[in-house]
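Quick notes on the structure that follows.
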Amino acid sequence: MMTYQDISIVTNNAYRLADLINGGHYNNILYYEFHEVVNPTGIFNCIEGLEAFSELSNDFYKIFLSYGYVDEDPAIIHVAVKLADEWFIAHDCGSNYYLGYGPTGILKLREACAKKNVAGFASKDNFEEWLKQKFGSPIKASKSDKKSIDQLQFERLIKSIQFLTNDMQRRPEQYQGLKEENIRDRMLTPINVTFKGRGNAEAKNCKGKTDILVKTKDGLNEHIFELKVWDGIETLTEAIEQLQGYLSWHNNYCGIIMFCYKLDFTNILKKVEQHLADNFNFDKREKYIPNEFRFRLQHPKDKFKHIDTHLTFINLKTT
């Protein structure tokens, strides 16, 4: 029986797969997309997002044997890739109805396949059923592997925030003059829809109250986020110091969401990247989206304990 590696919880999984395809080290590559159609009702600019995504994908549709029928409907996209004799799969790898982090990864995969003349297959079949038919019982993370389960939930949370980020940057005028807590309350609503009410604002954790706290499904851990309005590197320093005060020893993941109302957003991101590289061993080779950063914080009371930290910048400058 064939087996596969489930890289759903791997950061930047679509981009990493695209890099492997582009690398030219593998023959006999196959690329599969499974489209889980979503209801566009209630998703802001869903159809417009689908049209924009489809336009960017025009040059890559030639890889699909079902050319002409791909991206007919808005959908979450699951992916399976065969590299030589190895299979890699990723649940919820991206989507096709907006132009954020996940969808860009799907575009990168399609582009890599087009460059290397890789055959692609797109289907609306149930992904789990396909996995079961091809590989037998799906391989899932063991329930005893607590950290893997926490990581999967954290990555799902990051994807939710990426969707929110994209939506907010489309409509920055709606966020002018709002305080951090007002924006936080707006963000919590869709987060709680996805995570079934497990998100809380101003929640007590360790030495203080963090802006957003999302409990894991089993209720035994939490992912905490600090929200700030950008006013220079000192704002980031303050956010990191606050996070370190909120983190308890069992926390493994946290995040910072930075709202930026200033000019020269690209230059700000460059300064942040340099600051992280100088102080937190940030490796920009792992960076695929310009307004997001992933680095590791040392726990203030345990030099052997590190917390994966996701930093997102949201550009809300209007004029």
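Order determines the names: the first chain of the structure tokens is A, the second B, and so forth; residues in each chain are numbered 1 upward, and ligands are numbered 1 upward as they are shown.
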Next on the checklist: To test your reading of the structure, identify every residue in segment 57-104 of chain A that backbone DSSP assigns to helix (DSSP H, G or I), and report it as a list in words.
Outcome noted: Asn58, Asp59, Phe60, Tyr61, Lys62, Ile63, Tyr101, Gly102, Pro103 and Thr104 of chain A
Checklist entry - What does the distance between atom CA of Asn315 of chain A and atom CA of Gln169 of chain A come to in Å, to one decimal place? => result 6.0 Å
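Look at Thr165 of chain A: the protein and nucleic acid residues within 9 Å of it, using only C-alpha atoms and passing over chain neighbours fewer than 5 places away, are Gly100, Ser160, Arg170, Thr312, Phe313, Ile314 and Asn315 of chain A.
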Can I get the selection written as a CSV table (one decimal), in the first residue's frame, with N, CA, C and O atoms?
chain,number,residue,atom,x,y,z
A,100,GLY,N,-5.1,36.3,-1.2
A,100,GLY,CA,-4.2,36.4,0.0
A,100,GLY,C,-3.1,35.3,0.0
A,100,GLY,O,-2.7,34.8,-1.1
A,160,SER,N,-7.1,32.0,8.9
A,160,SER,CA,-8.3,32.8,9.1
A,160,SER,C,-7.9,34.3,9.2
A,160,SER,O,-8.5,35.2,8.7
A,170,ARG,N,-8.7,45.6,1.6
A,170,ARG,CA,-9.5,46.0,0.5
A,170,ARG,C,-10.4,47.2,0.9
A,170,ARG,O,-10.8,48.0,0.1
A,312,THR,N,2.0,39.7,11.6
A,312,THR,CA,1.2,40.1,10.5
A,312,THR,C,1.1,41.6,10.5
A,312,THR,O,0.7,42.2,11.5
A,313,PHE,N,1.5,42.2,9.4
A,313,PHE,CA,1.3,43.7,9.2
A,313,PHE,C,0.1,43.9,8.3
A,313,PHE,O,-0.1,43.2,7.2
A,314,ILE,N,-0.8,44.8,8.7
A,314,ILE,CA,-2.0,45.1,7.9
A,314,ILE,C,-1.9,46.6,7.5
A,314,ILE,O,-1.9,47.5,8.3
A,315,ASN,N,-1.9,46.8,6.2
A,315,ASN,CA,-1.8,48.2,5.6
A,315,ASN,C,-3.2,48.8,5.5
A,315,ASN,O,-4.0,48.5,4.7
Next on the checklist: Which residues are near segment 30-45 of chain A? Cut-off 6 Å, only C-alpha atoms, ignore same chain within fewer than 3 positions. Put them as a list in words.
Outcome noted: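 The residues satisfying every condition are Glu48, Gly49, Pro74, Ala75, Ile76, Ile77, His78, Val79, Ala80, Val81, Lys82, Ala119, Gly120, Phe121, Ala122, Ser123 and Lys124 of chain A.
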Item to check | From A:Glu273, A:Asp308, A:Asp150, A:Glu51, residue lying nearest Phe225 of chain A [only C-alpha atoms] | outcome: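 Nearest to Phe225 of chain A: A:Asp308.
Note that the spacing between atom CA of Glu222 of chain A and atom CA of Arg294 of chain A amounts to 18.1 Å.
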Item to check | Polymer residues at most 12 Å from Phe135 of chain A, only C-alpha atoms, same-chain spacing of 6 or more positions, as a list in words | outcome: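 The residues that qualify are Met1, Met2, Thr3, Tyr4, Gln5, Ala80, Trp87, Phe88, Ile89, Phe127, Glu128 and Glu129 of chain A.
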Any chance you could export the current selection's N, CA and C atoms as a short mmCIF file (atom, residue, chain, number, x, y, z; two decimals), in the first residue's frame?
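Produced file result12.cif, reproduced below:
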data_model
loop_
_atom_site.label_atom_id
_atom_site.label_comp_id
_atom_site.auth_asym_id
_atom_site.auth_seq_id
_atom_site.Cartn_x
_atom_site.Cartn_y
_atom_site.Cartn_z
N MET A 1 0.84 -1.19 0.00
CA MET A 1 0.00 0.00 0.00
C MET A 1 0.88 1.25 0.00
N MET A 2 0.58 2.18 -0.90
CA MET A 2 1.32 3.43 -0.94
C MET A 2 1.02 4.27 0.29
N THR A 3 1.94 5.14 0.63
CA THR A 3 1.76 6.05 1.75
C THR A 3 2.02 7.48 1.29
N TYR A 4 1.70 8.42 2.15
CA TYR A 4 1.93 9.82 1.83
C TYR A 4 2.39 10.56 3.07
N GLN A 5 2.97 11.74 2.85
CA GLN A 5 3.31 12.63 3.95
C GLN A 5 2.29 13.76 3.99
N ALA A 80 -2.64 17.37 -3.60
CA ALA A 80 -1.80 16.17 -3.52
C ALA A 80 -0.76 16.26 -4.63
N TRP A 87 4.55 10.82 -2.23
CA TRP A 87 3.33 11.62 -2.26
C TRP A 87 3.31 12.58 -1.08
N PHE A 88 2.87 13.81 -1.35
CA PHE A 88 2.69 14.82 -0.31
C PHE A 88 1.27 15.36 -0.44
N ILE A 89 0.59 15.51 0.69
CA ILE A 89 -0.77 16.06 0.64
C ILE A 89 -0.90 17.20 1.63
N PHE A 127 -12.02 14.93 -0.99
CA PHE A 127 -10.59 14.68 -0.83
C PHE A 127 -10.33 13.48 0.10
N GLU A 128 -11.06 13.41 1.20
CA GLU A 128 -10.86 12.32 2.15
C GLU A 128 -11.19 10.97 1.51
N GLU A 129 -12.23 10.95 0.71
CA GLU A 129 -12.60 9.69 0.03
C GLU A 129 -11.52 9.28 -0.96
#
Item to check | Among listed residues A:Leu311, A:Leu109, A:Ile183, A:Cys46, nearest Ala239 of chain A (using only C-alpha atoms) | outcome: A:Leu311
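Atom CA of His223 of chain A is positioned 12.4 Å from atom CA of Trp249 of chain A.
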Item to check | Secondary structure check, strand (DSSP E) residues of segment 3-207 of chain A, as a ChimeraX atom specification | outcome: /A:5-6,30-37,75-83,86-95,119-123,199-205
Would you put the residues from that selection into a file with N, CA and C atoms, as a short mmCIF file (atom, residue, chain, number, x, y, z; two decimals), in the first residue's frame?
data_model
loop_
_atom_site.label_atom_id
_atom_site.label_comp_id
_atom_site.auth_asym_id
_atom_site.auth_seq_id
_atom_site.Cartn_x
_atom_site.Cartn_y
_atom_site.Cartn_z
N GLN A 5 2.97 11.74 2.85
CA GLN A 5 3.31 12.63 3.95
C GLN A 5 2.29 13.76 3.99
N ASP A 6 1.66 13.91 5.14
CA ASP A 6 0.68 14.99 5.31
C ASP A 6 1.42 16.23 5.81
N LEU A 30 3.26 14.57 -10.54
CA LEU A 30 1.83 14.72 -10.79
C LEU A 30 1.26 15.71 -9.77
N TYR A 31 0.29 16.50 -10.21
CA TYR A 31 -0.28 17.53 -9.35
C TYR A 31 -1.81 17.41 -9.35
N TYR A 32 -2.38 17.30 -8.15
CA TYR A 32 -3.83 17.16 -7.99
C TYR A 32 -4.37 18.30 -7.13
N GLU A 33 -5.50 18.86 -7.57
CA GLU A 33 -6.26 19.80 -6.75
C GLU A 33 -7.65 19.24 -6.51
N PHE A 34 -8.12 19.34 -5.29
CA PHE A 34 -9.48 18.94 -4.95
C PHE A 34 -10.22 20.17 -4.44
N HIS A 35 -11.25 20.56 -5.17
CA HIS A 35 -11.96 21.80 -4.89
C HIS A 35 -13.20 21.52 -4.06
N GLU A 36 -13.18 22.03 -2.83
CA GLU A 36 -14.33 21.92 -1.93
C GLU A 36 -15.14 23.22 -2.05
N VAL A 37 -16.21 23.16 -2.80
CA VAL A 37 -16.99 24.35 -3.14
C VAL A 37 -17.59 24.98 -1.88
N ALA A 75 -13.95 27.95 -4.05
CA ALA A 75 -13.68 26.69 -3.35
C ALA A 75 -12.42 26.78 -2.49
N ILE A 76 -12.43 25.99 -1.42
CA ILE A 76 -11.21 25.68 -0.67
C ILE A 76 -10.48 24.60 -1.46
N ILE A 77 -9.17 24.70 -1.56
CA ILE A 77 -8.41 23.77 -2.40
C ILE A 77 -7.48 22.91 -1.55
N HIS A 78 -7.67 21.60 -1.66
CA HIS A 78 -6.77 20.62 -1.06
C HIS A 78 -5.84 20.12 -2.16
N VAL A 79 -4.63 19.75 -1.79
CA VAL A 79 -3.61 19.44 -2.80
C VAL A 79 -2.95 18.10 -2.52
N ALA A 80 -2.64 17.37 -3.60
CA ALA A 80 -1.80 16.17 -3.52
C ALA A 80 -0.76 16.26 -4.63
N VAL A 81 0.49 16.01 -4.29
CA VAL A 81 1.59 16.11 -5.26
C VAL A 81 2.43 14.85 -5.19
N LYS A 82 2.72 14.29 -6.36
CA LYS A 82 3.60 13.13 -6.45
C LYS A 82 4.95 13.59 -6.99
N LEU A 83 6.00 13.42 -6.20
CA LEU A 83 7.36 13.75 -6.60
C LEU A 83 8.16 12.45 -6.66
N GLU A 86 7.30 9.64 -4.15
CA GLU A 86 6.76 10.14 -2.88
C GLU A 86 5.52 10.98 -3.11
N TRP A 87 4.55 10.82 -2.23
CA TRP A 87 3.33 11.62 -2.26
C TRP A 87 3.31 12.58 -1.08
N PHE A 88 2.87 13.81 -1.35
CA PHE A 88 2.69 14.82 -0.31
C PHE A 88 1.27 15.36 -0.44
N ILE A 89 0.59 15.51 0.69
CA ILE A 89 -0.77 16.06 0.64
C ILE A 89 -0.90 17.20 1.63
N ALA A 90 -1.82 18.12 1.32
CA ALA A 90 -2.07 19.26 2.21
C ALA A 90 -3.55 19.60 2.19
N HIS A 91 -4.19 19.43 3.34
CA HIS A 91 -5.58 19.86 3.47
C HIS A 91 -5.63 21.39 3.53
N ASP A 92 -6.68 21.96 2.95
CA ASP A 92 -6.90 23.41 3.04
C ASP A 92 -5.63 24.17 2.68
N CYS A 93 -5.07 23.82 1.53
CA CYS A 93 -3.80 24.42 1.11
C CYS A 93 -3.97 25.86 0.63
N GLY A 94 -5.16 26.19 0.19
CA GLY A 94 -5.44 27.54 -0.29
C GLY A 94 -6.88 27.62 -0.75
N SER A 95 -7.18 28.62 -1.54
CA SER A 95 -8.53 28.77 -2.08
C SER A 95 -8.44 29.60 -3.35
N ALA A 119 1.70 17.54 -15.45
CA ALA A 119 0.27 17.32 -15.66
C ALA A 119 -0.50 17.59 -14.37
N GLY A 120 -1.60 18.32 -14.51
CA GLY A 120 -2.43 18.65 -13.35
C GLY A 120 -3.82 18.07 -13.49
N PHE A 121 -4.43 17.76 -12.36
CA PHE A 121 -5.78 17.22 -12.33
C PHE A 121 -6.57 18.01 -11.30
N ALA A 122 -7.74 18.47 -11.69
CA ALA A 122 -8.61 19.21 -10.76
C ALA A 122 -9.93 18.48 -10.65
N SER A 123 -10.43 18.36 -9.42
CA SER A 123 -11.64 17.58 -9.19
C SER A 123 -12.45 18.19 -8.06
N GLY A 199 -12.73 31.98 20.79
CA GLY A 199 -11.93 33.20 20.84
C GLY A 199 -12.44 34.16 21.91
N ASN A 200 -11.51 34.80 22.61
CA ASN A 200 -11.86 35.74 23.66
C ASN A 200 -11.01 37.00 23.54
N ALA A 201 -11.58 38.12 23.97
CA ALA A 201 -10.86 39.39 23.98
C ALA A 201 -10.49 39.75 25.40
N GLU A 202 -9.34 40.44 25.54
CA GLU A 202 -8.88 40.87 26.86
C GLU A 202 -8.91 39.71 27.85
N ALA A 203 -8.35 38.59 27.41
CA ALA A 203 -8.41 37.37 28.22
C ALA A 203 -7.19 37.27 29.13
N LYS A 204 -7.41 36.86 30.36
CA LYS A 204 -6.34 36.71 31.33
C LYS A 204 -5.47 35.52 30.96
N ASN A 205 -4.16 35.74 30.91
CA ASN A 205 -3.22 34.65 30.68
C ASN A 205 -1.89 35.00 31.34
#
Checklist entry - What lies within 10 Å of segment 171-173 of chain A using only C-alpha atoms, ignoring chain neighbours under 3 positions off, as a ChimeraX atom specification? => result /A:166-168,176-177,261,314-319
Could you take the residues named above and write them with C-alpha atoms, as a compact mmCIF listing (two decimals), in the first residue's frame?
# COMPACT_ATOMS: atom_id res chain seq x y z
CA ASN A 166 -6.90 40.66 2.87
CA ASP A 167 -10.46 41.80 3.52
CA MET A 168 -9.35 44.70 5.73
CA GLN A 176 -9.95 54.81 10.06
CA GLY A 177 -10.13 56.37 13.51
CA TYR A 261 -1.64 53.77 8.95
CA ILE A 314 -2.00 45.13 7.87
CA ASN A 315 -1.78 48.19 5.63
CA LEU A 316 -4.71 50.49 6.46
CA LYS A 317 -3.35 53.70 4.92
CA THR A 318 -6.00 55.28 2.69
CA THR A 319 -4.36 58.35 1.15
Item to check | Shortest interatomic distance to Gly232 of chain A - which of A:Tyr246, A:Phe295, A:Cys254, A:Cys260, counting only C-alpha atoms | outcome: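 Distance minimum relative to Gly232 of chain A lands on A:Cys260.
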Item to check | Who sits within 12 Å of Leu276 of chain A, only C-alpha atoms, same chain under 6 positions skipped, as number ranges by chain | outcome: A: 233, 236-237, 240, 269-270, 282-284, 292-297, 309-311
For the residues in that selection, give me all heavy atoms as a compact mmCIF listing (two decimals), in the first residue's frame.
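Result file is out-v3.txt:
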# COMPACT_ATOMS: atom_id res chain seq x y z
N ILE A 233 9.75 50.82 15.28
CA ILE A 233 10.26 49.55 15.80
C ILE A 233 9.94 49.38 17.28
O ILE A 233 9.71 48.27 17.77
CB ILE A 233 11.78 49.45 15.57
CG1 ILE A 233 12.08 49.26 14.07
CG2 ILE A 233 12.39 48.31 16.36
CD1 ILE A 233 11.59 47.94 13.50
N LEU A 236 6.93 47.31 17.96
CA LEU A 236 7.15 45.87 17.89
C LEU A 236 7.84 45.36 19.15
O LEU A 236 7.47 44.31 19.70
CB LEU A 236 7.99 45.54 16.65
CG LEU A 236 8.37 44.07 16.44
CD1 LEU A 236 7.13 43.19 16.37
CD2 LEU A 236 9.21 43.91 15.18
N THR A 237 8.82 46.11 19.63
CA THR A 237 9.51 45.73 20.86
C THR A 237 8.54 45.64 22.03
O THR A 237 8.58 44.70 22.83
CB THR A 237 10.62 46.76 21.18
OG1 THR A 237 11.54 46.82 20.08
CG2 THR A 237 11.37 46.38 22.45
N ILE A 240 6.34 42.51 21.72
CA ILE A 240 7.07 41.29 22.07
C ILE A 240 7.23 41.17 23.59
O ILE A 240 7.04 40.10 24.17
CB ILE A 240 8.45 41.28 21.37
CG1 ILE A 240 8.25 41.06 19.86
CG2 ILE A 240 9.35 40.19 21.95
CD1 ILE A 240 9.52 41.22 19.05
N LEU A 269 8.25 47.42 6.11
CA LEU A 269 8.43 45.97 6.15
C LEU A 269 9.91 45.59 6.06
O LEU A 269 10.36 44.65 6.72
CB LEU A 269 7.65 45.31 5.01
CG LEU A 269 6.12 45.45 5.07
CD1 LEU A 269 5.49 44.81 3.84
CD2 LEU A 269 5.55 44.82 6.34
N LYS A 270 10.67 46.33 5.26
CA LYS A 270 12.10 46.07 5.15
C LYS A 270 12.81 46.31 6.48
O LYS A 270 13.69 45.55 6.89
CB LYS A 270 12.72 46.95 4.06
CG LYS A 270 12.34 46.53 2.64
CD LYS A 270 12.99 47.45 1.61
CE LYS A 270 12.61 47.02 0.20
NZ LYS A 270 13.21 47.93 -0.82
N PHE A 282 15.84 35.56 12.45
CA PHE A 282 14.84 35.41 11.39
C PHE A 282 15.55 35.10 10.07
O PHE A 282 16.51 35.78 9.70
CB PHE A 282 14.03 36.70 11.27
CG PHE A 282 13.16 36.76 10.04
CD1 PHE A 282 12.00 36.02 9.97
CD2 PHE A 282 13.50 37.56 8.96
CE1 PHE A 282 11.19 36.07 8.85
CE2 PHE A 282 12.71 37.62 7.83
CZ PHE A 282 11.55 36.87 7.78
N ASP A 283 15.08 34.07 9.39
CA ASP A 283 15.68 33.66 8.12
C ASP A 283 14.74 34.01 6.98
O ASP A 283 13.70 33.39 6.82
CB ASP A 283 15.95 32.15 8.13
CG ASP A 283 16.74 31.70 6.90
OD1 ASP A 283 16.89 32.51 5.96
OD2 ASP A 283 17.18 30.54 6.88
N LYS A 284 15.09 35.03 6.20
CA LYS A 284 14.18 35.50 5.16
C LYS A 284 14.02 34.50 4.02
O LYS A 284 13.13 34.64 3.19
CB LYS A 284 14.62 36.85 4.62
CG LYS A 284 15.94 36.86 3.87
CD LYS A 284 16.25 38.28 3.40
CE LYS A 284 17.58 38.34 2.66
NZ LYS A 284 17.90 39.72 2.23
N GLU A 292 4.18 39.32 6.19
CA GLU A 292 4.11 38.34 7.27
C GLU A 292 5.50 37.82 7.61
O GLU A 292 6.35 37.68 6.73
CB GLU A 292 3.21 37.17 6.88
CG GLU A 292 1.76 37.57 6.67
CD GLU A 292 0.86 36.38 6.45
OE1 GLU A 292 1.34 35.24 6.55
OE2 GLU A 292 -0.33 36.59 6.17
N PHE A 293 5.70 37.54 8.89
CA PHE A 293 7.00 37.09 9.37
C PHE A 293 6.77 35.97 10.39
O PHE A 293 5.83 36.02 11.17
CB PHE A 293 7.76 38.23 10.05
CG PHE A 293 7.90 39.47 9.20
CD1 PHE A 293 6.88 40.41 9.15
CD2 PHE A 293 9.05 39.69 8.46
CE1 PHE A 293 7.00 41.56 8.38
CE2 PHE A 293 9.18 40.84 7.67
CZ PHE A 293 8.15 41.77 7.64
N ARG A 294 7.64 34.98 10.38
CA ARG A 294 7.58 33.91 11.38
C ARG A 294 8.96 33.83 12.05
O ARG A 294 9.97 33.64 11.39
CB ARG A 294 7.22 32.59 10.71
CG ARG A 294 7.02 31.40 11.67
CD ARG A 294 5.76 31.53 12.50
NE ARG A 294 4.54 31.47 11.74
CZ ARG A 294 3.82 30.36 11.53
NH1 ARG A 294 4.22 29.21 12.04
NH2 ARG A 294 2.69 30.41 10.86
N PHE A 295 8.96 33.97 13.37
CA PHE A 295 10.22 33.89 14.11
C PHE A 295 9.96 33.22 15.45
O PHE A 295 8.82 32.88 15.79
CB PHE A 295 10.84 35.27 14.29
CG PHE A 295 9.99 36.26 15.05
CD1 PHE A 295 10.21 36.51 16.39
CD2 PHE A 295 8.96 36.95 14.41
CE1 PHE A 295 9.43 37.42 17.10
CE2 PHE A 295 8.17 37.86 15.11
CZ PHE A 295 8.41 38.10 16.45
N ARG A 296 11.02 33.00 16.23
CA ARG A 296 10.89 32.27 17.50
C ARG A 296 11.29 33.17 18.66
O ARG A 296 12.34 33.82 18.64
CB ARG A 296 11.74 31.01 17.48
CG ARG A 296 11.46 30.10 16.30
CD ARG A 296 12.12 28.75 16.46
NE ARG A 296 11.34 27.90 17.34
CZ ARG A 296 11.82 26.80 17.92
NH1 ARG A 296 13.08 26.46 17.74
NH2 ARG A 296 11.05 26.07 18.68
N LEU A 297 10.44 33.18 19.68
CA LEU A 297 10.73 33.91 20.91
C LEU A 297 11.24 32.95 21.97
O LEU A 297 10.70 31.85 22.14
CB LEU A 297 9.46 34.58 21.45
CG LEU A 297 8.94 35.84 20.77
CD1 LEU A 297 7.68 36.32 21.48
CD2 LEU A 297 9.99 36.93 20.79
N THR A 309 6.31 32.42 16.72
CA THR A 309 5.56 33.69 16.72
C THR A 309 5.30 34.14 15.29
O THR A 309 6.21 34.19 14.47
CB THR A 309 6.36 34.78 17.46
OG1 THR A 309 6.71 34.29 18.76
CG2 THR A 309 5.55 36.05 17.59
N HIS A 310 4.05 34.46 15.01
CA HIS A 310 3.66 34.91 13.67
C HIS A 310 3.30 36.39 13.73
O HIS A 310 2.42 36.79 14.49
CB HIS A 310 2.46 34.11 13.16
CG HIS A 310 2.24 34.25 11.69
ND1 HIS A 310 2.70 33.33 10.77
CD2 HIS A 310 1.63 35.22 10.97
CE1 HIS A 310 2.37 33.72 9.56
NE2 HIS A 310 1.71 34.87 9.65
N LEU A 311 3.99 37.18 12.93
CA LEU A 311 3.77 38.63 12.89
C LEU A 311 3.11 39.00 11.56
O LEU A 311 3.64 38.68 10.49
CB LEU A 311 5.11 39.36 13.04
CG LEU A 311 5.14 40.88 12.77
CD1 LEU A 311 4.22 41.63 13.73
CD2 LEU A 311 6.57 41.40 12.86
Closest contacts (segment 161-183 of chain A/segment 102-108 of chain A, max 12 Å, only C-alpha atoms) as a Markdown table:
| residue | atom | partner | partner_atom | distance |
| --- | --- | --- | --- | --- |
| A:Ile161 | CA | A:Gly102 | CA | 11.2 |
| A:Gln162 | CA | A:Gly102 | CA | 8.1 |
| A:Phe163 | CA | A:Gly102 | CA | 8.7 |
| A:Asn166 | CA | A:Gly102 | CA | 10.9 |
I need the chosen residues saved as an mmCIF file, in the first residue's frame, with N, CA, C and O atoms.
data_model
loop_
_atom_site.group_PDB
_atom_site.id
_atom_site.type_symbol
_atom_site.label_atom_id
_atom_site.label_comp_id
_atom_site.auth_asym_id
_atom_site.auth_seq_id
_atom_site.Cartn_x
_atom_site.Cartn_y
_atom_site.Cartn_z
ATOM 1 N N ILE A 161 -6.749 34.564 9.871
ATOM 2 C CA ILE A 161 -6.256 35.939 9.995
ATOM 3 C C ILE A 161 -5.800 36.467 8.638
ATOM 4 O O ILE A 161 -5.993 37.649 8.317
ATOM 5 N N GLN A 162 -5.213 35.603 7.819
ATOM 6 C CA GLN A 162 -4.805 36.028 6.480
ATOM 7 C C GLN A 162 -6.011 36.450 5.647
ATOM 8 O O GLN A 162 -5.959 37.432 4.899
ATOM 9 N N PHE A 163 -7.096 35.715 5.787
ATOM 10 C CA PHE A 163 -8.322 36.091 5.078
ATOM 11 C C PHE A 163 -8.819 37.446 5.573
ATOM 12 O O PHE A 163 -9.190 38.321 4.785
ATOM 13 N N ASN A 166 -6.611 40.323 4.261
ATOM 14 C CA ASN A 166 -6.904 40.655 2.873
ATOM 15 C C ASN A 166 -8.181 41.479 2.764
ATOM 16 O O ASN A 166 -8.260 42.460 2.017
#
Checklist entry - Of the candidates A:Leu243, A:Ile191, A:Ile149, A:Ile212, which shows the shortest atom-to-atom distance to Leu164 of chain A, using only C-alpha atoms? => result A:Ile191
Next on the checklist: Between A:Asn291, A:Gln244, A:Gln133, A:Asn27, which residue has the minimum interatomic distance to Ile268 of chain A, considering only C-alpha atoms?
Outcome noted: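 Between A:Asn291, A:Gln244, A:Gln133, A:Asn27, the residue approaching Ile268 of chain A most closely is A:Asn291.
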